[in-house]
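Peer 1: Structure: protein-v3.cif, mmCIF, C-alpha atoms and all ligand atoms.
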data_work
#
loop_
_atom_site.label_atom_id
_atom_site.label_comp_id
_atom_site.auth_asym_id
_atom_site.auth_seq_id
_atom_site.Cartn_x
_atom_site.Cartn_y
_atom_site.Cartn_z
CA MET O 1446 9.26 -9.47 -30.48
CA THR O 1447 6.90 -6.99 -28.89
CA ARG O 1448 8.00 -3.42 -28.29
CA SER O 1449 7.82 -4.10 -24.53
CA GLN O 1450 10.23 -7.02 -24.94
CA VAL O 1451 12.64 -4.89 -26.95
CA LEU O 1452 12.49 -2.09 -24.39
CA PHE O 1453 12.97 -4.55 -21.53
CA GLN O 1454 16.18 -5.86 -23.11
CA LYS O 1455 17.43 -2.32 -23.62
CA ALA O 1456 16.46 -1.30 -20.08
CA GLN O 1457 18.46 -4.15 -18.56
CA GLU O 1458 21.66 -2.63 -19.97
CA VAL O 1459 21.30 0.55 -17.96
CA ILE O 1460 18.83 -0.10 -15.13
CA PRO O 1461 19.30 -2.96 -12.62
CA GLY O 1462 16.90 -5.69 -13.70
CA GLY O 1463 15.49 -3.27 -16.27
CA VAL O 1464 13.17 -1.66 -13.73
CA ASN O 1465 13.19 1.08 -11.14
CA SER O 1466 11.36 -1.04 -8.56
CA PRO O 1467 11.75 -4.84 -8.37
CA VAL O 1468 8.17 -6.13 -8.53
CA ARG O 1469 7.74 -4.38 -11.89
CA ALA O 1470 10.18 -6.84 -13.47
CA PHE O 1471 7.38 -9.48 -13.58
CA ARG O 1472 9.97 -12.10 -12.54
CA SER O 1473 7.81 -13.93 -10.06
CA VAL O 1474 5.11 -14.39 -12.69
CA GLY O 1475 7.57 -15.52 -15.36
CA ASP O 1476 6.60 -12.75 -17.74
CA VAL O 1477 8.01 -9.57 -19.22
CA PRO O 1478 6.94 -6.14 -17.99
CA ARG O 1479 4.55 -4.23 -20.18
CA PHE O 1480 6.01 -0.81 -20.83
CA ILE O 1481 3.25 1.67 -20.20
CA LYS O 1482 2.53 4.61 -22.45
CA SER O 1483 -0.60 6.16 -20.98
CA ALA O 1484 -3.46 5.67 -18.58
CA LYS O 1485 -6.97 7.05 -18.36
CA GLY O 1486 -9.83 6.11 -16.04
CA SER O 1487 -9.69 2.39 -15.29
CA ARG O 1488 -7.46 1.63 -18.28
CA ILE O 1489 -3.76 1.61 -18.99
CA HIS O 1490 -2.15 1.27 -22.41
CA ASP O 1491 1.18 -0.26 -23.26
CA VAL O 1492 3.64 0.65 -26.01
CA ASP O 1493 2.34 -2.21 -28.19
CA GLY O 1494 -1.12 -0.67 -28.33
CA ASN O 1495 -2.72 -3.08 -25.83
CA GLU O 1496 -5.35 -1.78 -23.45
CA TYR O 1497 -5.80 -3.27 -19.96
CA ILE O 1498 -8.29 -2.87 -17.13
CA ASP O 1499 -5.90 -1.77 -14.43
CA PHE O 1500 -6.23 -3.15 -10.89
CA VAL O 1501 -2.89 -1.79 -9.70
CA GLY O 1502 -3.63 1.94 -9.97
CA SER O 1503 0.00 2.88 -9.39
CA TRP O 1504 -0.11 0.70 -6.26
CA GLY O 1505 -3.02 2.51 -4.69
CA PRO O 1506 -3.16 6.24 -5.20
CA MET O 1507 -5.45 6.27 -8.25
CA ILE O 1508 -8.57 6.12 -6.11
CA LEU O 1509 -10.39 8.31 -8.62
CA GLY O 1510 -8.91 6.56 -11.64
CA HIS O 1511 -6.05 7.60 -13.91
CA ALA O 1512 -5.70 11.17 -15.15
CA TYR O 1513 -8.77 12.39 -13.27
CA PRO O 1514 -9.56 15.73 -14.96
CA ASP O 1515 -9.69 17.97 -11.84
CA ILE O 1516 -6.34 16.63 -10.67
CA VAL O 1517 -4.63 16.97 -14.05
CA GLU O 1518 -5.99 20.51 -14.26
CA ALA O 1519 -4.72 21.38 -10.78
CA VAL O 1520 -1.20 20.09 -11.55
CA THR O 1521 -1.11 21.79 -14.96
CA ALA O 1522 -2.21 25.08 -13.42
CA ALA O 1523 0.38 24.82 -10.64
CA ALA O 1524 3.16 24.05 -13.14
CA GLN O 1525 2.69 27.45 -14.77
CA PHE O 1526 3.91 29.07 -11.56
CA GLY O 1527 7.11 27.04 -11.14
CA LEU O 1528 8.12 23.44 -10.51
CA SER O 1529 9.94 23.68 -7.20
CA PHE O 1530 10.81 26.46 -4.79
CA GLY O 1531 12.38 24.75 -1.80
CA ALA O 1532 10.54 27.36 0.24
CA ALA O 1533 7.32 27.69 2.22
CA THR O 1534 4.03 27.99 0.31
CA GLU O 1535 0.42 28.66 1.21
CA ALA O 1536 -0.67 25.41 -0.49
CA GLU O 1537 1.30 23.40 2.08
CA ILE O 1538 -0.91 24.80 4.83
CA THR O 1539 -4.07 23.86 2.93
CA MET O 1540 -2.70 20.37 2.41
CA ALA O 1541 -1.75 20.00 6.09
CA GLU O 1542 -5.15 21.31 7.19
CA LEU O 1543 -6.92 18.79 4.95
CA ILE O 1544 -4.92 15.87 6.33
CA CYS O 1545 -5.44 16.97 9.96
CA GLU O 1546 -9.14 17.47 9.38
CA MET O 1547 -9.66 14.10 7.69
CA VAL O 1548 -7.51 12.02 10.05
CA PRO O 1549 -8.33 13.07 13.63
CA SER O 1550 -5.25 11.50 15.26
CA VAL O 1551 -3.08 13.78 13.14
CA GLU O 1552 -2.80 17.19 14.77
CA MET O 1553 0.38 18.24 12.98
CA VAL O 1554 1.91 16.89 9.81
CA ARG O 1555 5.18 17.15 7.90
CA LEU O 1556 5.18 16.59 4.13
CA VAL O 1557 7.95 14.45 2.64
CA ASN O 1558 8.46 12.74 -0.73
CA SER O 1559 7.47 9.11 -0.30
CA GLY O 1560 6.07 6.58 2.11
CA THR O 1561 9.58 5.26 2.74
CA GLU O 1562 10.73 8.70 3.81
CA ALA O 1563 7.64 9.16 5.97
CA VAL O 1564 8.33 5.91 7.82
CA MET O 1565 12.04 6.62 8.29
CA SER O 1566 11.15 10.01 9.74
CA ALA O 1567 8.34 8.74 11.97
CA LEU O 1568 10.65 6.10 13.45
CA ARG O 1569 13.26 8.75 14.21
CA VAL O 1570 10.63 10.91 15.90
CA ALA O 1571 9.40 7.96 17.95
CA ARG O 1572 12.94 7.20 19.10
CA GLY O 1573 13.61 10.87 19.82
CA TYR O 1574 10.39 11.27 21.76
CA THR O 1575 10.69 8.13 23.89
CA GLY O 1576 14.49 8.04 24.16
CA ARG O 1577 14.30 4.32 23.37
CA PRO O 1578 16.08 2.44 20.56
CA LYS O 1579 13.93 -0.51 19.49
CA ILE O 1580 10.99 -0.88 17.13
CA ILE O 1581 8.52 -3.74 16.78
CA LYS O 1582 7.26 -4.47 13.29
CA PHE O 1583 5.15 -7.35 12.00
CA GLU O 1584 6.35 -10.09 9.65
CA GLY O 1585 5.16 -9.40 6.13
CA CYS O 1586 4.26 -5.77 6.76
CA TYR O 1587 6.09 -3.48 4.36
CA HIS O 1588 7.14 -0.01 5.39
CA GLY O 1589 9.31 1.05 2.47
CA HIS O 1590 12.99 0.36 1.99
CA GLY O 1591 14.58 2.16 4.93
CA ASP O 1592 17.34 -0.05 6.41
CA SER O 1593 15.62 -0.90 9.65
CA MET O 1594 12.37 -1.89 7.99
CA LEU O 1595 13.88 -4.50 5.63
CA VAL O 1596 13.49 -7.25 8.17
CA LYS O 1597 10.90 -9.92 7.29
CA ALA O 1598 9.32 -7.37 4.97
CA GLY O 1599 6.45 -7.88 2.56
CA SER O 1600 5.93 -6.58 -0.98
CA GLY O 1601 8.90 -6.76 -3.39
CA VAL O 1602 11.27 -8.24 -0.82
CA MET O 1603 8.83 -11.05 -0.14
CA THR O 1604 8.18 -11.52 -3.85
CA ALA O 1605 11.89 -11.76 -4.56
CA GLY O 1606 12.35 -14.10 -1.59
CA ILE O 1607 14.90 -11.86 0.15
CA PRO O 1608 12.98 -10.61 3.18
CA ASP O 1609 16.19 -9.65 4.98
CA SER O 1610 18.08 -7.47 2.51
CA LEU O 1611 21.84 -7.52 2.06
CA GLY O 1612 23.52 -4.25 2.93
CA VAL O 1613 21.59 -3.65 6.13
CA PRO O 1614 24.00 -3.20 9.06
CA ALA O 1615 23.49 -5.74 11.84
CA GLY O 1616 23.15 -2.95 14.40
CA CYS O 1617 20.32 -1.46 12.45
CA ALA O 1618 18.43 -4.72 11.94
CA GLY O 1619 19.09 -5.67 15.58
CA ASP O 1620 16.93 -2.82 16.79
CA THR O 1621 13.99 -4.11 14.74
CA LEU O 1622 12.02 -6.85 16.45
CA THR O 1623 9.41 -8.81 14.55
CA ALA O 1624 6.06 -10.01 15.79
CA VAL O 1625 3.32 -12.07 14.16
CA TYR O 1626 0.34 -10.10 12.82
CA ASN O 1627 -2.93 -10.94 14.61
CA ASP O 1628 -0.95 -12.52 17.46
CA LEU O 1629 -0.83 -10.29 20.55
CA ASP O 1630 1.12 -12.83 22.55
CA SER O 1631 4.03 -12.45 20.17
CA VAL O 1632 4.00 -8.69 20.84
CA GLN O 1633 3.64 -9.11 24.60
CA LYS O 1634 6.65 -11.42 24.62
CA LEU O 1635 8.80 -8.81 22.87
CA PHE O 1636 7.71 -6.13 25.32
CA GLU O 1637 8.62 -8.42 28.23
CA GLU O 1638 12.01 -9.33 26.76
CA ASN O 1639 12.88 -5.70 25.98
CA LYS O 1640 11.58 -3.76 28.98
CA ASN O 1641 11.67 0.04 28.52
CA GLU O 1642 13.51 -0.36 25.22
CA ILE O 1643 10.67 -0.31 22.71
CA ALA O 1644 10.09 3.13 21.20
CA ALA O 1645 7.24 2.12 18.93
CA VAL O 1646 5.18 -0.57 17.31
CA ILE O 1647 4.68 0.09 13.60
CA LEU O 1648 2.16 -1.71 11.43
CA GLU O 1649 -0.06 -1.50 8.43
CA LEU O 1650 -3.39 -1.59 10.27
CA VAL O 1651 -4.58 -3.67 7.32
CA PRO O 1652 -1.49 -5.30 5.84
CA ALA O 1653 -1.70 -4.89 2.07
CA ASN O 1654 1.85 -5.76 1.06
CA MET O 1655 1.61 -9.52 1.64
CA GLY O 1656 -1.63 -9.71 -0.21
CA VAL O 1657 -4.40 -8.31 1.97
CA ILE O 1658 -4.82 -9.46 5.58
CA LEU O 1659 -7.65 -8.43 7.86
CA PRO O 1660 -7.16 -7.64 11.55
CA GLN O 1661 -8.99 -10.06 13.79
CA GLU O 1662 -11.60 -8.81 16.25
CA GLY O 1663 -9.97 -6.73 19.00
CA PHE O 1664 -6.42 -7.06 17.65
CA LEU O 1665 -5.85 -3.38 16.87
CA HIS O 1666 -7.50 -2.05 20.03
CA ASP O 1667 -5.63 -4.46 22.28
CA LEU O 1668 -2.39 -3.64 20.51
CA LYS O 1669 -2.91 0.07 21.13
CA LYS O 1670 -3.61 -0.68 24.80
CA MET O 1671 -0.48 -2.79 25.03
CA CYS O 1672 1.58 0.07 23.58
CA GLU O 1673 0.13 2.49 26.15
CA GLU O 1674 0.85 0.11 29.02
CA ASN O 1675 4.45 -0.23 27.88
CA GLY O 1676 5.12 3.43 27.12
CA ALA O 1677 5.60 2.79 23.40
CA LEU O 1678 4.06 4.73 20.51
CA LEU O 1679 1.75 3.16 17.96
CA ILE O 1680 2.68 4.10 14.41
CA ALA O 1681 0.00 3.41 11.81
CA ASP O 1682 1.44 2.99 8.35
CA GLU O 1683 -1.43 4.19 6.19
CA VAL O 1684 0.54 4.41 2.96
CA ILE O 1685 -2.02 2.11 1.36
CA THR O 1686 -5.08 2.40 3.60
CA GLY O 1687 -5.01 6.16 4.22
CA PHE O 1688 -7.85 7.95 2.38
CA ARG O 1689 -8.65 4.62 0.70
CA LEU O 1690 -10.59 2.74 3.37
CA GLY O 1691 -12.52 5.98 3.84
CA PRO O 1692 -11.69 9.67 4.24
CA GLY O 1693 -10.24 8.87 7.68
CA GLY O 1694 -8.36 5.78 6.48
CA ALA O 1695 -8.03 2.57 8.48
CA GLN O 1696 -8.00 4.49 11.76
CA ALA O 1697 -11.52 5.81 11.20
CA PHE O 1698 -12.60 2.43 9.82
CA PHE O 1699 -11.54 0.63 13.02
CA ASN O 1700 -12.08 3.57 15.37
CA ILE O 1701 -8.52 3.61 16.57
CA LYS O 1702 -6.12 6.51 17.10
CA ALA O 1703 -2.42 6.05 16.41
CA ASP O 1704 0.23 8.27 17.98
CA LEU O 1705 1.94 8.75 14.63
CA THR O 1706 0.73 8.01 11.09
CA THR O 1707 2.59 7.68 7.82
CA PHE O 1708 1.13 8.40 4.40
CA GLY O 1709 2.49 7.96 0.88
CA LYS O 1710 1.58 8.41 -2.76
CA ILE O 1711 -2.17 8.52 -2.10
CA ILE O 1712 -1.97 12.01 -0.63
CA GLY O 1713 -0.47 13.23 -3.91
CA ALA O 1714 -2.86 11.35 -6.18
CA GLY O 1715 0.18 9.44 -7.44
CA MET O 1716 2.70 12.28 -7.44
CA PRO O 1717 5.90 11.57 -5.47
CA VAL O 1718 4.80 12.61 -1.99
CA GLY O 1719 4.39 11.30 1.52
CA ALA O 1720 3.72 12.66 5.00
CA TYR O 1721 3.99 11.77 8.64
CA GLY O 1722 2.00 13.29 11.42
CA GLY O 1723 0.43 12.73 14.79
CA ARG O 1724 -0.06 14.22 18.20
CA LYS O 1725 1.17 17.81 18.45
CA GLU O 1726 3.29 17.10 21.48
CA ILE O 1727 5.17 14.40 19.54
CA MET O 1728 5.41 16.26 16.23
CA GLN O 1729 6.85 19.30 18.00
CA MET O 1730 9.98 17.21 18.47
CA VAL O 1731 10.72 17.77 14.77
CA ALA O 1732 13.28 20.45 13.80
CA PRO O 1733 13.17 23.41 13.86
CA CYS O 1734 10.75 23.05 16.82
CA GLY O 1735 12.68 20.23 18.46
CA GLY O 1736 15.79 18.12 18.24
CA VAL O 1737 14.73 15.44 15.74
CA TYR O 1738 16.21 16.41 12.37
CA GLN O 1739 14.39 15.80 9.09
CA ALA O 1740 14.50 17.93 5.95
CA GLY O 1741 14.09 17.95 2.15
CA THR O 1742 14.15 20.42 -0.74
CA LEU O 1743 11.28 18.70 -2.52
CA SER O 1744 9.09 18.37 0.58
CA GLY O 1745 5.84 20.24 -0.02
CA ASN O 1746 6.62 20.45 -3.74
CA PRO O 1747 4.03 22.70 -5.44
CA LEU O 1748 2.92 20.13 -8.06
CA ALA O 1749 2.57 17.32 -5.55
CA THR O 1750 0.71 19.63 -3.22
CA ALA O 1751 -1.65 20.80 -5.97
CA ALA O 1752 -2.47 17.19 -6.88
CA GLY O 1753 -2.90 16.28 -3.23
CA ILE O 1754 -5.23 19.16 -2.42
CA ALA O 1755 -7.35 18.34 -5.47
CA GLN O 1756 -7.58 14.62 -4.63
CA LEU O 1757 -8.18 15.02 -0.90
CA SER O 1758 -10.82 17.74 -1.44
CA ILE O 1759 -12.75 15.45 -3.76
CA LEU O 1760 -12.48 12.49 -1.40
CA LYS O 1761 -13.62 14.64 1.51
CA SER O 1762 -16.72 15.90 -0.27
CA LYS O 1763 -17.82 12.87 -2.28
CA PRO O 1764 -18.83 9.94 -0.05
CA GLU O 1765 -20.19 8.22 -3.15
CA VAL O 1766 -16.59 7.51 -4.18
CA TYR O 1767 -16.25 5.14 -1.23
CA SER O 1768 -19.65 3.51 -1.61
CA GLN O 1769 -18.89 2.80 -5.26
CA ILE O 1770 -15.33 1.47 -4.92
CA ASN O 1771 -16.28 -0.67 -1.93
CA HIS O 1772 -19.33 -2.03 -3.76
CA LEU O 1773 -17.33 -2.96 -6.87
CA SER O 1774 -14.58 -4.52 -4.79
CA LEU O 1775 -17.15 -6.63 -2.95
CA LYS O 1776 -18.76 -7.67 -6.26
CA LEU O 1777 -15.39 -8.75 -7.63
CA SER O 1778 -14.56 -10.72 -4.47
CA GLU O 1779 -17.96 -12.40 -4.34
CA GLY O 1780 -17.69 -13.28 -8.01
CA LEU O 1781 -14.21 -14.75 -7.57
CA ASN O 1782 -15.29 -16.71 -4.50
CA SER O 1783 -18.23 -18.23 -6.30
CA LEU O 1784 -16.01 -19.22 -9.26
CA ILE O 1785 -13.53 -20.76 -6.81
CA ASN O 1786 -16.36 -22.91 -5.46
CA ILE O 1787 -17.68 -23.85 -8.87
CA TYR O 1788 -14.27 -24.92 -10.18
CA GLY O 1789 -13.06 -26.42 -6.90
CA LEU O 1790 -9.86 -24.39 -6.77
CA ASN O 1791 -7.60 -24.17 -3.71
CA ALA O 1792 -7.98 -20.43 -3.45
CA ARG O 1793 -9.66 -17.77 -1.36
CA VAL O 1794 -10.25 -14.04 -1.39
CA ASN O 1795 -9.56 -11.57 1.41
CA GLN O 1796 -11.38 -8.27 0.95
CA ILE O 1797 -11.94 -5.06 2.84
CA GLY O 1798 -13.32 -1.89 1.27
CA SER O 1799 -11.64 -1.31 -2.08
CA LEU O 1800 -8.71 -3.64 -1.30
CA SER O 1801 -8.68 -7.35 -1.97
CA CYS O 1802 -6.42 -10.27 -2.78
CA LEU O 1803 -6.94 -13.66 -4.40
CA PHE O 1804 -4.68 -16.12 -2.57
CA PHE O 1805 -3.93 -19.49 -4.14
CA THR O 1806 -4.19 -21.41 -0.90
CA GLU O 1807 -6.97 -23.34 0.76
CA LYS O 1808 -5.99 -22.17 4.24
CA GLU O 1809 -7.36 -19.16 6.04
CA VAL O 1810 -4.91 -16.29 5.53
CA THR O 1811 -4.35 -14.15 8.63
CA ASN O 1812 -0.57 -13.81 8.88
CA TYR O 1813 2.73 -13.98 6.99
CA ASP O 1814 3.29 -17.74 7.38
CA GLN O 1815 -0.16 -18.50 6.06
CA VAL O 1816 0.37 -16.10 3.14
CA LYS O 1817 3.58 -17.93 2.33
CA SER O 1818 1.64 -21.17 1.92
CA SER O 1819 0.13 -19.74 -1.29
CA ASP O 1820 0.97 -21.49 -4.53
CA THR O 1821 2.92 -18.79 -6.35
CA GLY O 1822 3.27 -21.00 -9.43
CA LEU O 1823 -0.49 -21.15 -9.75
CA PHE O 1824 -0.72 -17.41 -9.25
CA ALA O 1825 1.79 -16.94 -12.07
CA ARG O 1826 -0.36 -19.02 -14.43
CA TYR O 1827 -3.46 -17.07 -13.44
CA PHE O 1828 -1.61 -13.77 -13.90
CA GLN O 1829 -0.43 -14.71 -17.40
CA ILE O 1830 -3.87 -15.77 -18.55
CA MET O 1831 -5.41 -12.60 -17.16
CA ILE O 1832 -2.89 -10.18 -18.66
CA ASN O 1833 -3.24 -11.82 -22.04
CA LYS O 1834 -6.97 -11.15 -21.81
CA GLY O 1835 -6.42 -7.49 -20.94
CA ILE O 1836 -6.56 -7.58 -17.14
CA TYR O 1837 -3.60 -5.88 -15.48
CA LEU O 1838 -3.07 -7.32 -11.99
CA ALA O 1839 -0.13 -6.74 -9.67
CA PRO O 1840 2.62 -9.10 -10.90
CA SER O 1841 2.96 -10.81 -7.53
CA GLN O 1842 0.86 -13.01 -5.25
CA PHE O 1843 1.83 -10.70 -2.41
CA GLU O 1844 0.21 -7.47 -3.53
CA ALA O 1845 -3.36 -6.12 -3.50
CA ILE O 1846 -6.12 -5.64 -6.06
CA PHE O 1847 -6.97 -1.91 -6.02
CA MET O 1848 -10.42 -0.70 -7.09
CA SER O 1849 -10.96 2.84 -8.33
CA TYR O 1850 -13.91 5.15 -8.86
CA ALA O 1851 -13.28 4.85 -12.61
CA HIS O 1852 -13.98 1.10 -12.65
CA SER O 1853 -17.44 0.11 -13.82
CA GLN O 1854 -19.73 -2.87 -13.33
CA GLU O 1855 -18.85 -3.81 -16.93
CA ASP O 1856 -15.16 -3.87 -15.99
CA ILE O 1857 -15.96 -6.25 -13.12
CA ASP O 1858 -18.18 -8.47 -15.28
CA TYR O 1859 -15.49 -8.75 -17.93
CA THR O 1860 -12.81 -9.44 -15.31
CA LEU O 1861 -14.90 -12.24 -13.83
CA GLN O 1862 -15.47 -13.70 -17.28
CA CYS O 1863 -11.69 -13.76 -17.80
CA ALA O 1864 -11.16 -15.27 -14.33
CA GLU O 1865 -13.67 -18.01 -15.17
CA ASP O 1866 -11.76 -18.86 -18.35
CA ALA O 1867 -8.53 -18.87 -16.34
CA PHE O 1868 -9.91 -21.11 -13.59
CA LYS O 1869 -11.32 -23.56 -16.17
CA SER O 1870 -7.95 -23.97 -17.82
CA MET O 1871 -6.11 -24.21 -14.48
CA LYS O 1872 -8.20 -27.07 -13.13
N1 LIG W 1901 6.56 -2.32 -3.46
C1 LIG W 1901 5.54 -1.63 -4.17
C2 LIG W 1901 4.19 -2.18 -3.93
N2 LIG W 1901 3.83 -2.49 -2.64
C3 LIG W 1901 5.83 -1.64 -5.64
C4 LIG W 1901 6.27 -0.33 -6.06
C5 LIG W 1901 6.45 -0.18 -7.57
O1 LIG W 1901 6.95 -1.06 -8.23
O2 LIG W 1901 6.10 0.87 -8.05
#
Let me see whether you can do it: turn the structure in this file into structure tokens.

Peer 2:
Amino acid sequence: MTRSQVLFQKAQEVIPGGVNSPVRAFRSVGDVPRFIKSAKGSRIHDVDGNEYIDFVGSWGPMILGHAYPDIVEAVTAAAQFGLSFGAATEAEITMAELICEMVPSVEMVRLVNSGTEAVMSALRVARGYTGRPKIIKFEGCYHGHGDSMLVKAGSGVMTAGIPDSLGVPAGCAGDTLTAVYNDLDSVQKLFEENKNEIAAVILELVPANMGVILPQEGFLHDLKKMCEENGALLIADEVITGFRLGPGGAQAFFNIKADLTTFGKIIGAGMPVGAYGGRKEIMQMVAPCGGVYQAGTLSGNPLATAAGIAQLSILKSKPEVYSQINHLSLKLSEGLNSLINIYGLNARVNQIGSLSCLFFTEKEVTNYDQVKSSDTGLFARYFQIMINKGIYLAPSQFEAIFMSYAHSQEDIDYTLQCAEDAFKSMK
């Protein structure tokens, strides 16, 4: 037995499913989680001494690669001055200024501890601001595990096949309406059926929790217009795309301005942090300015803030980070596509910037139903072959491939070589 297998057995005695987040259990790929010991650059190492090229990057935040020296230094330096104060600090202002400067739609921002918390808070603000109860979300978009967002959700819930979680009160789920991504008619219909009741439309501008889906021409702009016409706010969930699709995230990429935006682990370079922000007039609804309550001892934590300031400052001043990660991501996608053609596989790649996904389906993939047509059994085989060759992919068909600044052309070449071996044996 490997050390990972031994640890997994032990973990299952005291942690549900042996993991602290479901996708990590490797269930959908019929494998056993690798217990990770360390990570550096583009590589992670497990407790059995195996090294992998990592394309998960802690689910996105490792844009610069693991243990990037300036970030480790910033966190280490901050730790000398105390781990948590539960009080205001100067660093929080720097962090807020950086976010507001980099994402123009954000005029004021509140730091929290995770993307889930950011979304829960942004929804409350939207309801408080508009005085309306209902929220429209899109099938397959994932906005963390807050009760009202576990309706037709992507990511782990989709992987586990339980998109509507047990334990969510009917009243709570009833206020969440679901539309089809890339289908404006489905949104229009909900607005018509729920006149003056919709507080906000929330979406991942580029869904990256059901694999990666690209917005079709005009979809985001028309959606924003539709929100304005109906007096609803547009909430951009940029937990994955923020500071990854560029310093201004997906909003800058598509030249769109949301009313509220949510961020997650990326703004803390992987530390437990999140944020929500938006127009001043809306954000001033938040206590103690206004009547929408939201609070937290760990919000603005000094270590998370130190990591965040270091990461965001680098991203702001080094455009070459984006040209490199986008270039490598494109190379990987092109390479996979050409192998798909050569070996005649029913598969396709969706890619945008440093995000991509290899879907095992022949159909175009532009929404949740199409994603669900993917052959998850085939993905599992591919995953197993790849991990045994030292390529660490997300253990689910419904997650993204994340490129980092630490990846090299050699990493991509080797990955494609492994993919070719995998495709050959899967034919
Ligand atoms: N649901 C997360 C990815 N979209 C996985 C989180 C984790 O396992 O860390």

Peer 1: Skip Ser1503 in chain O itself and residues of its chain fewer than 5 positions away, then list as a list in words all residues within 9 Å of it, counting all atoms listed in the file.

Peer 2: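 Residues meeting the cut-off are His1511, Lys1710 and Gly1715 of chain O.
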
Peer 1: Could you check which of O:Cys1734, O:Asn1639, O:Glu1844, O:Val1551 is closest to Lys1702 in chain O, using all atoms listed in the file?

Peer 2: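 Nearest to Lys1702 in chain O: O:Val1551.
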
Peer 1: CA of Thr1561 in chain O and CA of Ala1536 in chain O, how far apart in Å?

Peer 2: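 We find that CA of Ala1536 in chain O and CA of Thr1561 in chain O lie 22.8 Å from each other.
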
Peer 1: Counting only C-alpha atoms and all ligand atoms, name the residues that have an atom within 9 Å of an atom of ligand LIG 1901 (chain W); the answer should be given as a ChimeraX atom specification.

Peer 2: /O:1464-1470,1503-1505,1587,1589-1590,1599-1602,1653-1655,1685,1839,1843-1845

Peer 1: So that I can check the surroundings of range 1492-1502 of chain O, please list as a PyMOL selection string every protein, DNA and RNA residue that reaches within 6 Å of it, counting only C-alpha atoms and ignoring chain neighbours fewer than 5 positions away.

Peer 2: chain O and resi 1448+1480-1482+1487+1507+1835-1839+1846-1847

Peer 1: For a cut-off of 12 Å around (6.3, 17.7, 19.9), file coordinates, pick out all residues using all atoms listed in the file and list them as a list in words.

Peer 2: Glu1552, Met1553, Val1554, Val1570, Ala1571, Gly1573, Tyr1574, Thr1575, Asp1704, Leu1705, Gly1722, Gly1723, Arg1724, Lys1725, Glu1726, Ile1727, Met1728, Gln1729, Met1730, Val1731, Ala1732, Pro1733, Cys1734, Gly1735, Gly1736 and Val1737 of chain O

Peer 1: Just the residues within 9 Å of range 1771-1784 of chain O, please, counting only C-alpha atoms, with nothing from its chain fewer than 5 positions along; format it as a PyMOL selection string.

Peer 2: chain O and resi 1690+1766+1789-1790+1792-1803+1846-1849+1852-1854+1857-1858+1860-1861+1864-1865+1868

Peer 1: Using all atoms listed in the file for the distances, tell me which of O:Met1871, O:Ile1581, O:Leu1611, O:Ala1618 is nearest to Phe1636 in chain O.

Peer 2: O:Ile1581
